[in-house]
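Text of the file final-v2.pdb, holding PDB, C-alpha atoms:
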```
ATOM      1  CA  MET D 216     -36.016 -14.138  -9.995
ATOM      2  CA  VAL D 217     -33.358 -13.746  -7.332
ATOM      3  CA  THR D 218     -32.385 -16.706  -5.163
ATOM      4  CA  TYR D 219     -30.315 -16.580  -2.004
ATOM      5  CA  ARG D 220     -27.922 -19.456  -1.318
ATOM      6  CA  ARG D 221     -25.874 -18.724   1.803
ATOM      7  CA  GLY D 222     -22.264 -19.796   1.029
ATOM      8  CA  VAL D 223     -22.132 -19.279  -2.716
ATOM      9  CA  GLN D 224     -24.097 -16.057  -2.475
ATOM     10  CA  ASP D 225     -21.704 -14.585   0.099
ATOM     11  CA  ASP D 226     -18.712 -15.327  -2.112
ATOM     12  CA  LEU D 227     -20.340 -13.682  -5.126
ATOM     13  CA  VAL D 228     -21.338 -10.612  -3.122
ATOM     14  CA  PHE D 229     -17.848 -10.176  -1.663
ATOM     15  CA  LYS D 230     -16.328 -10.600  -5.133
ATOM     16  CA  ALA D 231     -18.738  -8.053  -6.605
ATOM     17  CA  LEU D 232     -18.096  -5.523  -3.835
ATOM     18  CA  ALA D 233     -14.310  -5.938  -4.092
ATOM     19  CA  ASP D 234     -14.102  -3.831  -7.249
ATOM     20  CA  PRO D 235     -14.310  -0.008  -6.992
ATOM     21  CA  THR D 236     -16.033   0.320 -10.376
ATOM     22  CA  ARG D 237     -18.793  -2.066  -9.332
ATOM     23  CA  ARG D 238     -19.221  -0.222  -6.026
ATOM     24  CA  PHE D 239     -19.505   3.027  -8.009
ATOM     25  CA  LEU D 240     -22.176   1.489 -10.260
ATOM     26  CA  LEU D 241     -24.102   0.427  -7.142
ATOM     27  CA  ASP D 242     -23.785   3.970  -5.797
ATOM     28  CA  LEU D 243     -25.222   5.327  -9.046
ATOM     29  CA  LEU D 244     -28.171   2.941  -8.810
ATOM     30  CA  PHE D 245     -28.675   3.919  -5.174
ATOM     31  CA  GLU D 246     -28.901   7.573  -6.240
ATOM     32  CA  ARG D 247     -31.379   6.801  -8.992
ATOM     33  CA  ASP D 248     -32.690   3.323  -9.675
ATOM     34  CA  GLY D 249     -33.723   2.054 -13.087
ATOM     35  CA  ARG D 250     -30.804   3.331 -15.147
ATOM     36  CA  THR D 251     -30.023   1.990 -18.584
ATOM     37  CA  LEU D 252     -26.645   0.699 -19.710
ATOM     38  CA  THR D 253     -26.109   3.911 -21.674
ATOM     39  CA  GLU D 254     -26.802   6.059 -18.605
ATOM     40  CA  LEU D 255     -24.368   4.032 -16.511
ATOM     41  CA  GLU D 256     -21.752   3.926 -19.263
ATOM     42  CA  THR D 257     -21.559   7.721 -19.434
ATOM     43  CA  GLN D 258     -20.578   7.865 -15.752
ATOM     44  CA  VAL D 259     -17.442   5.692 -15.960
ATOM     45  CA  GLU D 260     -14.334   5.820 -18.113
ATOM     46  CA  MET D 261     -14.555   2.429 -19.783
ATOM     47  CA  THR D 262     -16.092   0.784 -22.788
ATOM     48  CA  ARG D 263     -19.712  -0.256 -23.007
ATOM     49  CA  PHE D 264     -18.592  -3.888 -22.908
ATOM     50  CA  GLY D 265     -16.603  -3.273 -19.736
ATOM     51  CA  VAL D 266     -19.675  -1.849 -18.013
ATOM     52  CA  MET D 267     -21.726  -4.798 -19.289
ATOM     53  CA  LYS D 268     -19.256  -7.237 -17.713
ATOM     54  CA  HIS D 269     -19.430  -5.438 -14.384
ATOM     55  CA  LEU D 270     -23.229  -5.388 -14.478
ATOM     56  CA  LYS D 271     -23.299  -9.102 -15.302
ATOM     57  CA  LEU D 272     -21.225  -9.896 -12.222
ATOM     58  CA  LEU D 273     -23.440  -7.656 -10.089
ATOM     59  CA  GLU D 274     -26.505  -9.476 -11.427
ATOM     60  CA  GLU D 275     -24.959 -12.879 -10.693
ATOM     61  CA  ALA D 276     -24.362 -11.740  -7.114
ATOM     62  CA  GLY D 277     -27.989 -10.624  -6.876
ATOM     63  CA  LEU D 278     -27.004  -6.999  -6.225
ATOM     64  CA  VAL D 279     -28.562  -5.737  -9.449
ATOM     65  CA  VAL D 280     -31.783  -6.833 -11.093
ATOM     66  CA  ALA D 281     -32.309  -6.032 -14.768
ATOM     67  CA  ARG D 282     -35.707  -5.662 -16.380
ATOM     68  CA  LYS D 283     -36.514  -5.096 -20.037
ATOM     69  CA  GLU D 284     -38.871  -2.245 -20.797
ATOM     70  CA  GLY D 285     -39.511  -2.111 -24.495
ATOM     71  CA  ARG D 286     -36.162  -1.750 -26.231
ATOM     72  CA  GLU D 287     -34.373  -0.727 -23.049
ATOM     73  CA  LYS D 288     -32.982  -2.793 -20.231
ATOM     74  CA  ARG D 289     -33.174  -1.026 -16.873
ATOM     75  CA  HIS D 290     -30.999  -1.898 -13.897
ATOM     76  CA  PHE D 291     -32.216  -1.772 -10.302
ATOM     77  CA  LEU D 292     -30.329  -2.044  -7.035
ATOM     78  CA  ASN D 293     -31.192  -5.006  -4.829
ATOM     79  CA  PRO D 294     -29.881  -4.212  -1.328
ATOM     80  CA  VAL D 295     -30.944  -7.544   0.221
ATOM     81  CA  PRO D 296     -27.604  -9.380  -0.303
ATOM     82  CA  ILE D 297     -25.685  -6.470   1.251
ATOM     83  CA  ARG D 298     -28.002  -6.548   4.256
ATOM     84  CA  GLN D 299     -27.497 -10.304   4.576
ATOM     85  CA  ILE D 300     -23.722  -9.786   4.580
ATOM     86  CA  HIS D 301     -24.138  -7.055   7.174
ATOM     87  CA  ASP D 302     -26.314  -9.204   9.425
ATOM     88  CA  ARG D 303     -24.038 -12.233   9.171
ATOM     89  CA  TRP D 304     -20.552 -10.728   9.163
ATOM     90  CA  ILE D 305     -20.693  -7.203  10.531
ATOM     91  CA  ASP D 306     -23.599  -6.846  12.917
ATOM     92  CA  LYS D 307     -22.504  -9.636  15.231
ATOM     93  CA  TYR D 308     -19.109  -7.950  15.707
ATOM     94  CA  THR D 309     -20.560  -4.535  16.442
ATOM     95  CA  GLU D 310     -22.557  -5.642  19.420
ATOM     96  CA  ARG D 311     -21.393  -5.575  23.018
ATOM     97  CA  HIS D 312     -17.906  -7.009  22.372
ATOM     98  CA  VAL D 313     -16.883  -4.109  20.207
ATOM     99  CA  THR D 314     -18.582  -1.644  22.513
ATOM    100  CA  ALA D 315     -16.674  -3.055  25.495
ATOM    101  CA  LEU D 316     -13.374  -2.869  23.600
ATOM    102  CA  LEU D 317     -14.078   0.684  22.542
ATOM    103  CA  ASP D 318     -14.902   1.681  26.128
ATOM    104  CA  LEU D 319     -11.664   0.071  27.317
ATOM    105  CA  LYS D 320      -9.659   1.820  24.606
ATOM    106  CA  ASN D 321     -11.167   5.191  25.509
ATOM    107  CA  GLU D 322     -10.550   4.607  29.220
ATOM    108  CA  LEU D 323      -6.912   3.605  28.663
ATOM    109  CA  GLU D 324      -6.293   6.552  26.377
ATOM    110  CA  GLY D 325      -8.024   8.940  28.755
ATOM    111  CA  GLU D 326     -10.691   9.933  26.233
ATOM    112  CA  GLU D 327     -14.353  10.442  26.856
ATOM    113  CA  PRO D 328     -16.835   8.430  24.725
TER     114      PRO D 328
END
```

Kindly transcribe the structure held in the file into C-alpha cells.
Amino acid sequence: MVTYRRGVQDDLVFKALADPTRRFLLDLLFERDGRTLTELETQVEMTRFGVMKHLKLLEEAGLVVARKEGREKRHFLNPVPIRQIHDRWIDKYTERHVTALLDLKNELEGEEP
C-alpha cells in the first residue's frame, strides 16, 4: 500500500531522486518493470546490499513498489510521486510566466522562437 503525504512525501522523493544510482535504477524499471534484485544488481557496479539500500529508499519514497512472487521479489516503478512533484513544483513555473520570459529573451537576443 502506498500513501501520499504532501510535505514528507516530497522530501523523500527529492532525496531519492538526488542520487544518480537511484535515478538509474528508476530508468531500468521504466525500461522493463518487474525486475528482481538480481537483475538490477547486474546493471550497476556495487554490492547486492548497496542495491538493496537504494531500493529501500526508493520504496520509502513511494517510487518503487515491491511484490513477492514465489521466492522472488519483483520491483515496479510507481510514477505517481514524480508526477505530483512535477505538478506542484515544475508545472506552475512552466506556464505563461516562463513563456513570457522566453519570448522576451528571444526578442532581446534577436532570435526567432

### Task
Name the residues that the PyMOL selection byres ((chain D and resi 232-244) around 9) pulls out of this structure, and write them as a PyMOL selection string.
chain D and resi 227-231+245-250+255+258-259+266+269-270+272-273+278-279+290-292

### Query
In Å, how far is it from atom CA of D:Met267 to atom CA of D:Thr253?
10.0 Å

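Counting from atom CA of D:Glu275, the distance to atom CA of D:Ile305 is 22.4 Å.
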
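A straight line drawn from atom CA of D:Lys288 to atom CA of D:Lys268 is 14.6 Å long.
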
Write stretch 234-247 of chain D as an mmCIF file, keeping the file's coordinate frame, completed to N, CA, C and O atoms.
```cif
data_model
loop_
_atom_site.group_PDB
_atom_site.id
_atom_site.type_symbol
_atom_site.label_atom_id
_atom_site.label_comp_id
_atom_site.auth_asym_id
_atom_site.auth_seq_id
_atom_site.Cartn_x
_atom_site.Cartn_y
_atom_site.Cartn_z
ATOM 1 N N ASP D 234 -14.562 -4.705 -6.162
ATOM 2 C CA ASP D 234 -14.102 -3.831 -7.249
ATOM 3 C C ASP D 234 -14.672 -2.420 -7.102
ATOM 4 O O ASP D 234 -15.891 -2.256 -6.948
ATOM 5 N N PRO D 235 -13.822 -1.387 -7.159
ATOM 6 C CA PRO D 235 -14.310 -0.008 -6.992
ATOM 7 C C PRO D 235 -15.278 0.432 -8.084
ATOM 8 O O PRO D 235 -16.199 1.220 -7.808
ATOM 9 N N THR D 236 -15.111 -0.056 -9.298
ATOM 10 C CA THR D 236 -16.033 0.320 -10.376
ATOM 11 C C THR D 236 -17.420 -0.237 -10.103
ATOM 12 O O THR D 236 -18.427 0.454 -10.276
ATOM 13 N N ARG D 237 -17.490 -1.476 -9.637
ATOM 14 C CA ARG D 237 -18.793 -2.066 -9.332
ATOM 15 C C ARG D 237 -19.447 -1.355 -8.152
ATOM 16 O O ARG D 237 -20.660 -1.131 -8.154
ATOM 17 N N ARG D 238 -18.654 -0.984 -7.154
ATOM 18 C CA ARG D 238 -19.221 -0.222 -6.026
ATOM 19 C C ARG D 238 -19.759 1.123 -6.515
ATOM 20 O O ARG D 238 -20.809 1.580 -6.070
ATOM 21 N N PHE D 239 -19.050 1.750 -7.456
ATOM 22 C CA PHE D 239 -19.505 3.027 -8.009
ATOM 23 C C PHE D 239 -20.821 2.842 -8.770
ATOM 24 O O PHE D 239 -21.744 3.662 -8.648
ATOM 25 N N LEU D 240 -20.932 1.761 -9.538
ATOM 26 C CA LEU D 240 -22.176 1.489 -10.260
ATOM 27 C C LEU D 240 -23.332 1.289 -9.277
ATOM 28 O O LEU D 240 -24.443 1.780 -9.499
ATOM 29 N N LEU D 241 -23.061 0.599 -8.167
ATOM 30 C CA LEU D 241 -24.102 0.427 -7.142
ATOM 31 C C LEU D 241 -24.486 1.769 -6.532
ATOM 32 O O LEU D 241 -25.666 2.021 -6.271
ATOM 33 N N ASP D 242 -23.498 2.632 -6.318
ATOM 34 C CA ASP D 242 -23.785 3.970 -5.797
ATOM 35 C C ASP D 242 -24.673 4.755 -6.752
ATOM 36 O O ASP D 242 -25.595 5.458 -6.334
ATOM 37 N N LEU D 243 -24.397 4.639 -8.046
ATOM 38 C CA LEU D 243 -25.222 5.327 -9.046
ATOM 39 C C LEU D 243 -26.658 4.825 -9.003
ATOM 40 O O LEU D 243 -27.606 5.612 -9.086
ATOM 41 N N LEU D 244 -26.821 3.502 -8.869
ATOM 42 C CA LEU D 244 -28.171 2.941 -8.810
ATOM 43 C C LEU D 244 -28.859 3.299 -7.495
ATOM 44 O O LEU D 244 -30.081 3.419 -7.454
ATOM 45 N N PHE D 245 -28.090 3.475 -6.440
ATOM 46 C CA PHE D 245 -28.675 3.919 -5.174
ATOM 47 C C PHE D 245 -29.220 5.340 -5.314
ATOM 48 O O PHE D 245 -30.300 5.655 -4.820
ATOM 49 N N GLU D 246 -28.463 6.188 -6.025
ATOM 50 C CA GLU D 246 -28.901 7.573 -6.240
ATOM 51 C C GLU D 246 -30.173 7.640 -7.068
ATOM 52 O O GLU D 246 -31.073 8.421 -6.790
ATOM 53 N N ARG D 247 -30.194 6.825 -8.117
ATOM 54 C CA ARG D 247 -31.379 6.801 -8.992
ATOM 55 C C ARG D 247 -31.480 5.424 -9.624
ATOM 56 O O ARG D 247 -30.683 5.044 -10.478
#
```
